[in-house]
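Text of final-v6.txt (compact mmCIF, C-alpha atoms) as supplied:
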# COMPACT_ATOMS: atom_id res chain seq x y z
CA MET Z 1 1.73 45.28 -45.24
CA ALA Z 2 -0.58 46.92 -47.77
CA ARG Z 3 -1.35 49.73 -45.30
CA VAL Z 4 2.21 50.46 -44.20
CA PRO Z 5 2.98 54.07 -45.16
CA GLY Z 6 5.73 54.66 -47.69
CA CYS Z 7 7.44 58.00 -48.43
CA GLU Z 8 4.59 59.13 -50.66
CA THR Z 9 1.77 56.59 -50.53
CA ASN Z 10 0.95 53.03 -49.47
CA LEU Z 11 0.22 49.88 -51.47
CA LEU Z 12 -3.52 49.95 -50.75
CA ALA Z 13 -3.80 53.53 -52.04
CA ALA Z 14 -1.80 52.51 -55.12
CA LYS Z 15 -4.31 49.69 -55.68
CA ALA Z 16 -7.18 52.16 -55.37
CA ASN Z 17 -5.47 54.21 -58.08
CA GLY Z 18 -5.40 51.25 -60.46
CA ALA Z 19 -2.27 49.29 -59.56
CA ASP Z 20 -2.66 45.51 -59.80
CA LEU Z 21 -1.95 44.54 -56.20
CA ARG Z 22 -2.81 41.06 -54.94
CA LEU Z 23 -2.63 39.89 -51.34
CA VAL Z 24 -1.24 36.37 -51.01
CA TYR Z 25 -0.81 33.94 -48.13
CA SER Z 26 2.33 32.27 -49.45
CA PRO Z 27 5.08 33.26 -51.92
CA LEU Z 28 4.04 30.15 -53.88
CA ASP Z 29 0.68 31.87 -54.51
CA ALA Z 30 2.59 34.76 -56.12
CA LEU Z 31 4.44 32.25 -58.30
CA ASP Z 32 1.05 30.81 -59.36
CA ILE Z 33 0.00 34.29 -60.46
CA ALA Z 34 3.18 34.62 -62.54
CA ARG Z 35 2.61 31.16 -64.05
CA THR Z 36 -0.93 32.02 -65.14
CA ASN Z 37 -0.08 35.57 -66.33
CA PRO Z 38 2.98 35.10 -68.55
CA GLY Z 39 2.43 38.53 -70.14
CA LYS Z 40 2.82 40.36 -66.82
CA GLU Z 41 5.86 40.95 -64.63
CA VAL Z 42 4.92 39.74 -61.16
CA VAL Z 43 6.90 41.22 -58.25
CA PHE Z 44 6.63 39.52 -54.87
CA PHE Z 45 7.30 41.86 -51.94
CA ALA Z 46 9.14 39.46 -49.64
CA VAL Z 47 8.94 40.57 -46.01
CA GLY Z 48 9.14 38.70 -42.75
CA PHE Z 49 11.47 37.27 -40.15
CA GLU Z 50 13.72 34.19 -40.20
CA THR Z 51 10.77 31.83 -40.71
CA THR Z 52 9.69 33.45 -43.94
CA ALA Z 53 13.09 33.75 -45.62
CA PRO Z 54 13.42 30.05 -46.53
CA THR Z 55 9.95 30.10 -48.13
CA THR Z 56 11.15 32.96 -50.34
CA ALA Z 57 14.28 31.00 -51.23
CA MET Z 58 12.28 27.89 -52.12
CA THR Z 59 9.96 29.96 -54.31
CA VAL Z 60 12.98 31.31 -56.24
CA TYR Z 61 14.24 27.74 -56.62
CA ARG Z 62 10.91 26.61 -58.06
CA ALA Z 63 10.63 29.62 -60.39
CA ARG Z 64 14.06 28.81 -61.79
CA GLN Z 65 13.26 25.10 -62.03
CA GLU Z 66 10.10 25.82 -64.02
CA GLY Z 67 11.82 28.48 -66.14
CA ILE Z 68 9.34 31.18 -65.11
CA LYS Z 69 10.87 34.45 -66.37
CA ASN Z 70 8.23 37.00 -65.36
CA PHE Z 71 8.70 36.62 -61.61
CA SER Z 72 10.92 38.78 -59.44
CA LEU Z 73 11.25 39.75 -55.80
CA LEU Z 74 11.63 42.87 -53.72
CA VAL Z 75 13.38 41.32 -50.72
CA SER Z 76 13.08 42.96 -47.32
CA HIS Z 77 13.61 40.21 -44.76
CA VAL Z 78 14.53 41.08 -41.19
CA LEU Z 79 16.07 39.35 -38.15
CA VAL Z 80 14.58 39.02 -34.64
CA PRO Z 81 17.70 39.27 -32.39
CA PRO Z 82 18.75 42.78 -33.57
CA ALA Z 83 15.17 43.97 -32.97
CA ILE Z 84 15.27 42.61 -29.41
CA GLU Z 85 18.69 44.21 -28.88
CA ALA Z 86 17.35 47.58 -30.07
CA ILE Z 87 14.46 47.40 -27.58
CA LEU Z 88 16.71 46.37 -24.69
CA SER Z 89 19.29 49.07 -25.53
CA SER Z 90 16.72 51.84 -25.29
CA PRO Z 91 17.02 53.97 -22.12
CA ALA Z 92 13.21 54.01 -21.99
CA ASN Z 93 12.96 50.20 -22.06
CA THR Z 94 10.72 48.61 -19.43
CA VAL Z 95 10.54 45.09 -20.93
CA GLN Z 96 11.81 42.52 -18.42
CA GLY Z 97 11.41 39.29 -20.35
CA PHE Z 98 10.70 37.90 -23.81
CA LEU Z 99 8.61 35.12 -25.28
CA ALA Z 100 10.61 34.14 -28.39
CA ALA Z 101 8.46 32.87 -31.26
CA GLY Z 102 8.94 29.13 -31.54
CA HIS Z 103 8.61 28.93 -35.31
CA VAL Z 104 11.51 31.38 -35.72
CA CYS Z 105 13.64 29.08 -33.56
CA THR Z 106 12.50 26.14 -35.68
CA VAL Z 107 14.46 27.77 -38.49
CA MET Z 108 17.38 29.50 -36.73
CA GLY Z 109 17.76 27.62 -33.45
CA TYR Z 110 17.98 29.63 -30.23
CA GLU Z 111 21.74 30.15 -29.91
CA ALA Z 112 21.50 33.72 -31.25
CA TYR Z 113 19.45 34.66 -28.15
CA MET Z 114 22.10 33.51 -25.67
CA PRO Z 115 24.36 36.60 -25.89
CA LEU Z 116 21.26 38.81 -25.48
CA ALA Z 117 20.10 36.99 -22.32
CA GLU Z 118 23.60 37.33 -20.86
CA LYS Z 119 24.28 40.93 -21.90
CA PHE Z 120 20.93 42.33 -20.78
CA ASP Z 121 20.13 39.88 -17.99
CA VAL Z 122 16.63 39.04 -19.28
CA PRO Z 123 14.80 35.73 -19.49
CA ILE Z 124 13.96 34.63 -23.04
CA VAL Z 125 11.50 31.74 -23.29
CA VAL Z 126 10.95 29.99 -26.61
CA THR Z 127 7.18 29.69 -26.95
CA GLY Z 128 4.64 28.21 -29.35
CA PHE Z 129 1.36 29.83 -30.39
CA GLU Z 130 -1.21 27.59 -28.74
CA PRO Z 131 -2.87 29.08 -25.66
CA VAL Z 132 -1.21 26.45 -23.47
CA ASP Z 133 2.18 27.36 -24.97
CA ILE Z 134 1.72 31.05 -24.18
CA VAL Z 135 0.64 30.35 -20.60
CA GLN Z 136 3.61 28.03 -20.18
CA GLY Z 137 5.94 30.72 -21.60
CA VAL Z 138 4.63 33.43 -19.28
CA TYR Z 139 4.93 31.04 -16.33
CA LEU Z 140 8.54 30.10 -17.12
CA CYS Z 141 9.40 33.77 -17.68
CA LEU Z 142 7.87 34.87 -14.35
CA ARG Z 143 9.48 31.99 -12.47
CA GLN Z 144 12.91 33.09 -13.68
CA LEU Z 145 12.26 36.70 -12.73
CA GLU Z 146 11.03 35.74 -9.25
CA GLU Z 147 13.99 33.45 -8.68
CA GLY Z 148 16.40 36.10 -9.92
CA ARG Z 149 17.65 33.86 -12.72
CA THR Z 150 17.85 34.83 -16.35
CA ASN Z 151 18.63 32.45 -19.13
CA ILE Z 152 17.11 30.81 -22.16
CA ARG Z 153 14.32 28.31 -21.56
CA VAL Z 154 13.29 25.99 -24.33
CA PRO Z 155 10.19 23.84 -24.00
CA PHE Z 156 10.64 20.17 -24.74
CA ALA Z 157 9.81 19.78 -28.40
CA LEU Z 158 12.17 22.44 -29.73
CA ALA Z 159 15.03 21.15 -27.63
CA GLU Z 160 14.41 17.74 -29.12
CA THR Z 161 14.41 19.19 -32.61
CA ARG Z 162 17.80 20.69 -31.91
CA LEU Z 163 19.14 17.39 -30.65
CA HIS Z 164 17.94 15.64 -33.80
CA LYS Z 165 19.81 18.16 -35.93
CA GLY Z 166 22.95 17.41 -33.91
CA MET A 1 4.72 38.48 -36.91
CA CYS A 2 2.71 35.81 -38.68
CA LEU A 3 1.62 32.77 -36.78
CA ALA A 4 2.41 29.17 -37.55
CA VAL A 5 -0.48 26.72 -37.44
CA PRO A 6 -0.34 23.03 -36.50
CA GLY A 7 -2.23 20.50 -38.63
CA LYS A 8 -2.35 16.79 -39.48
CA LEU A 9 -0.86 15.54 -42.75
CA LEU A 10 -3.59 13.57 -44.55
CA GLU A 11 -2.09 12.89 -47.98
CA ILE A 12 1.17 13.48 -49.83
CA LEU A 13 1.01 14.71 -53.44
CA GLY A 14 4.07 14.12 -55.67
CA ASP A 15 7.31 12.16 -55.26
CA ASP A 16 10.09 14.76 -55.56
CA PRO A 17 11.05 15.68 -51.98
CA LEU A 18 11.78 19.26 -53.04
CA THR A 19 8.43 19.96 -54.69
CA ARG A 20 5.91 17.62 -53.10
CA ASN A 21 2.85 19.05 -51.36
CA GLY A 22 0.70 17.75 -48.56
CA LYS A 23 -3.02 17.93 -47.81
CA ILE A 24 -3.15 19.12 -44.23
CA ALA A 25 -6.16 19.17 -41.90
CA PHE A 26 -6.41 22.18 -39.63
CA ALA A 27 -9.29 22.85 -37.28
CA GLY A 28 -12.19 22.40 -39.67
CA ILE A 29 -10.47 22.94 -43.04
CA VAL A 30 -8.09 21.04 -45.31
CA LYS A 31 -5.43 23.04 -47.15
CA GLU A 32 -2.45 22.19 -49.33
CA ALA A 33 1.01 23.20 -48.20
CA SER A 34 4.51 22.58 -49.50
CA LEU A 35 6.53 19.77 -47.91
CA SER A 36 9.81 21.06 -49.42
CA PHE A 37 11.40 21.53 -46.01
CA LEU A 38 10.21 18.21 -44.59
CA PRO A 39 11.47 15.29 -46.68
CA GLU A 40 10.95 13.13 -43.59
CA ALA A 41 7.24 13.95 -43.18
CA GLU A 42 4.82 11.01 -43.43
CA VAL A 43 1.04 10.74 -43.63
CA GLY A 44 -0.38 10.99 -40.11
CA ASP A 45 2.34 13.36 -38.87
CA TYR A 46 1.43 16.60 -37.14
CA VAL A 47 3.21 19.48 -38.86
CA LEU A 48 3.60 23.21 -38.22
CA VAL A 49 2.63 25.27 -41.28
CA HIS A 50 3.81 28.80 -41.97
CA ALA A 51 3.19 30.83 -45.16
CA GLY A 52 2.17 27.78 -47.15
CA PHE A 53 5.14 25.66 -46.07
CA ALA A 54 5.28 22.93 -43.46
CA ILE A 55 8.36 23.84 -41.39
CA THR A 56 8.63 21.12 -38.77
CA VAL A 57 7.10 17.83 -37.68
CA LEU A 58 5.41 17.95 -34.28
CA ASP A 59 4.40 14.94 -32.28
CA GLU A 60 1.33 14.29 -30.22
CA ALA A 61 3.46 13.69 -27.16
CA GLU A 62 4.56 17.33 -27.32
CA ALA A 63 1.01 18.56 -26.83
CA LYS A 64 0.65 16.21 -23.88
CA ARG A 65 3.85 17.57 -22.33
CA SER A 66 2.53 21.12 -22.73
CA LEU A 67 -0.65 20.10 -20.94
CA GLU A 68 1.38 18.53 -18.14
CA GLU A 69 3.26 21.81 -17.78
CA LEU A 70 -0.06 23.64 -17.52
CA ASN A 71 -1.16 21.23 -14.82
CA ARG A 72 2.00 22.08 -12.91
CA VAL A 73 1.08 25.77 -13.19
CA ASN A 74 -2.32 24.93 -11.71
CA ALA A 75 -0.67 22.95 -8.91
CA VAL A 76 1.49 25.97 -8.03
CA LYS A 77 -1.59 28.18 -7.94
CA LYS A 78 -3.38 25.81 -5.54
CA SER A 79 -0.47 25.39 -3.16
CA PRO A 80 -0.52 27.83 -0.19

Any chance you could put this one into structure tokens?
Amino acid sequence: MARVPGCETNLLAAKANGADLRLVYSPLDALDIARTNPGKEVVFFAVGFETTAPTTAMTVYRARQEGIKNFSLLVSHVLVPPAIEAILSSPANTVQGFLAAGHVCTVMGYEAYMPLAEKFDVPIVVTGFEPVDIVQGVYLCLRQLEEGRTNIRVPFALAETRLHKG
Amino acid sequence: MCLAVPGKLLEILGDDPLTRNGKIAFAGIVKEASLSFLPEAEVGDYVLVHAGFAITVLDEAEAKRSLEELNRVNAVKKSP
């Protein structure tokens, strides 16, 4: 994120020019910085997909709970399904199947992918990050393509999670 | 997109379900993460951690099922 070009500069260049830029792993780390630097206004640049948005929300909740006044956010969260739709709508598109990130589905479920699979006739397989998960995802994706079927496949654990949520 | 990492919950710090943290063992290191989203998490659970927050409880059986699926892939490869 620090290297992403802006209109005039990027965050890393701004840091080189003296801006106080810190890289954090979690929004809670940014809140820690605000807690320990009450004289400074700390702005957390909140980016990320569906999985990251609730962590931003919880950080706001905690800041309010603790009465931390020098903490604010520049919120720029994004959604996965519109990004997939943009790729599939492109005349130059050659993508025939998708591995959908499992942790995103942990937060949003997989229902939002169903209209995409139907409209564009592509397999979308919800997949974890372990090597075995990826291999399994590629396998399920290829099997659908070879059999001429396209729908959503959800490996066991996520489907169970959905059942538990009712 | 950032990855989510599975780890084992070793210890729970705090009582308030909304603010409690957990000590979580990943491959080789122990880190603290928020358990805000997992009021049901208990010591010994396997959890998926993303951006400092545990976002879901995994179970060991899931990993075994994934391995079984891989074995099926191997079986397909071996069949003529």

Point-to-point distance in Å for CA of Leu99 (chain Z) and CA of Asp133 (chain Z):
10.1 Å

9 Å contacts from chain Z to chain A using only C-alpha atoms, as a PyMOL selection string
chain Z and resi 25-29+48-49+51-52+54-55+58+62+101-103+106-107+128-130+132-133+135-136+139+155-157+161

Include C-alpha atoms and write out the residues we just selected as a PDB file, in the frame of the given file.
ATOM      1  CA  TYR Z  25      -0.810  33.940 -48.130  1.00  0.00           C
ATOM      2  CA  SER Z  26       2.330  32.270 -49.450  1.00  0.00           C
ATOM      3  CA  PRO Z  27       5.080  33.260 -51.920  1.00  0.00           C
ATOM      4  CA  LEU Z  28       4.040  30.150 -53.880  1.00  0.00           C
ATOM      5  CA  ASP Z  29       0.680  31.870 -54.510  1.00  0.00           C
ATOM      6  CA  GLY Z  48       9.140  38.700 -42.750  1.00  0.00           C
ATOM      7  CA  PHE Z  49      11.470  37.270 -40.150  1.00  0.00           C
ATOM      8  CA  THR Z  51      10.770  31.830 -40.710  1.00  0.00           C
ATOM      9  CA  THR Z  52       9.690  33.450 -43.940  1.00  0.00           C
ATOM     10  CA  PRO Z  54      13.420  30.050 -46.530  1.00  0.00           C
ATOM     11  CA  THR Z  55       9.950  30.100 -48.130  1.00  0.00           C
ATOM     12  CA  MET Z  58      12.280  27.890 -52.120  1.00  0.00           C
ATOM     13  CA  ARG Z  62      10.910  26.610 -58.060  1.00  0.00           C
ATOM     14  CA  ALA Z 101       8.460  32.870 -31.260  1.00  0.00           C
ATOM     15  CA  GLY Z 102       8.940  29.130 -31.540  1.00  0.00           C
ATOM     16  CA  HIS Z 103       8.610  28.930 -35.310  1.00  0.00           C
ATOM     17  CA  THR Z 106      12.500  26.140 -35.680  1.00  0.00           C
ATOM     18  CA  VAL Z 107      14.460  27.770 -38.490  1.00  0.00           C
ATOM     19  CA  GLY Z 128       4.640  28.210 -29.350  1.00  0.00           C
ATOM     20  CA  PHE Z 129       1.360  29.830 -30.390  1.00  0.00           C
ATOM     21  CA  GLU Z 130      -1.210  27.590 -28.740  1.00  0.00           C
ATOM     22  CA  VAL Z 132      -1.210  26.450 -23.470  1.00  0.00           C
ATOM     23  CA  ASP Z 133       2.180  27.360 -24.970  1.00  0.00           C
ATOM     24  CA  VAL Z 135       0.640  30.350 -20.600  1.00  0.00           C
ATOM     25  CA  GLN Z 136       3.610  28.030 -20.180  1.00  0.00           C
ATOM     26  CA  TYR Z 139       4.930  31.040 -16.330  1.00  0.00           C
ATOM     27  CA  PRO Z 155      10.190  23.840 -24.000  1.00  0.00           C
ATOM     28  CA  PHE Z 156      10.640  20.170 -24.740  1.00  0.00           C
ATOM     29  CA  ALA Z 157       9.810  19.780 -28.400  1.00  0.00           C
ATOM     30  CA  THR Z 161      14.410  19.190 -32.610  1.00  0.00           C
TER      31      THR Z 161
END

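CA of Arg35 (chain Z) sits 12.4 Å away from CA of Gln65 (chain Z).
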
Rounded to one decimal in Å, what is the spacing between CA of Pro115 (chain Z) and CA of Val75 (chain Z)?
27.6 Å

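Near (14.4, 41.0, -45.0), the residues inside the 10 Å limit, counting all atoms listed in the file, come to Z:Phe45, Z:Ala46, Z:Val47, Z:Gly48, Z:Phe49, Z:Glu50, Z:Thr52, Z:Ala53, Z:Leu74, Z:Val75, Z:Ser76, Z:His77, Z:Val78, Z:Leu79.
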
Restricted to C-alpha atoms, what would the selected residues look like written as a short mmCIF file (atom, residue, chain, number, x, y, z; two decimals), in the frame of the given file?
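For reference, part.cif as written:
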data_model
loop_
_atom_site.label_atom_id
_atom_site.label_comp_id
_atom_site.auth_asym_id
_atom_site.auth_seq_id
_atom_site.Cartn_x
_atom_site.Cartn_y
_atom_site.Cartn_z
CA PHE Z 45 7.30 41.86 -51.94
CA ALA Z 46 9.14 39.46 -49.64
CA VAL Z 47 8.94 40.57 -46.01
CA GLY Z 48 9.14 38.70 -42.75
CA PHE Z 49 11.47 37.27 -40.15
CA GLU Z 50 13.72 34.19 -40.20
CA THR Z 52 9.69 33.45 -43.94
CA ALA Z 53 13.09 33.75 -45.62
CA LEU Z 74 11.63 42.87 -53.72
CA VAL Z 75 13.38 41.32 -50.72
CA SER Z 76 13.08 42.96 -47.32
CA HIS Z 77 13.61 40.21 -44.76
CA VAL Z 78 14.53 41.08 -41.19
CA LEU Z 79 16.07 39.35 -38.15
#

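Across A:Glu40, A:Glu60, A:Glu32, A:Asp45, the tightest approach to Leu13 (chain A) is made by A:Glu32 when counting all atoms listed in the file.
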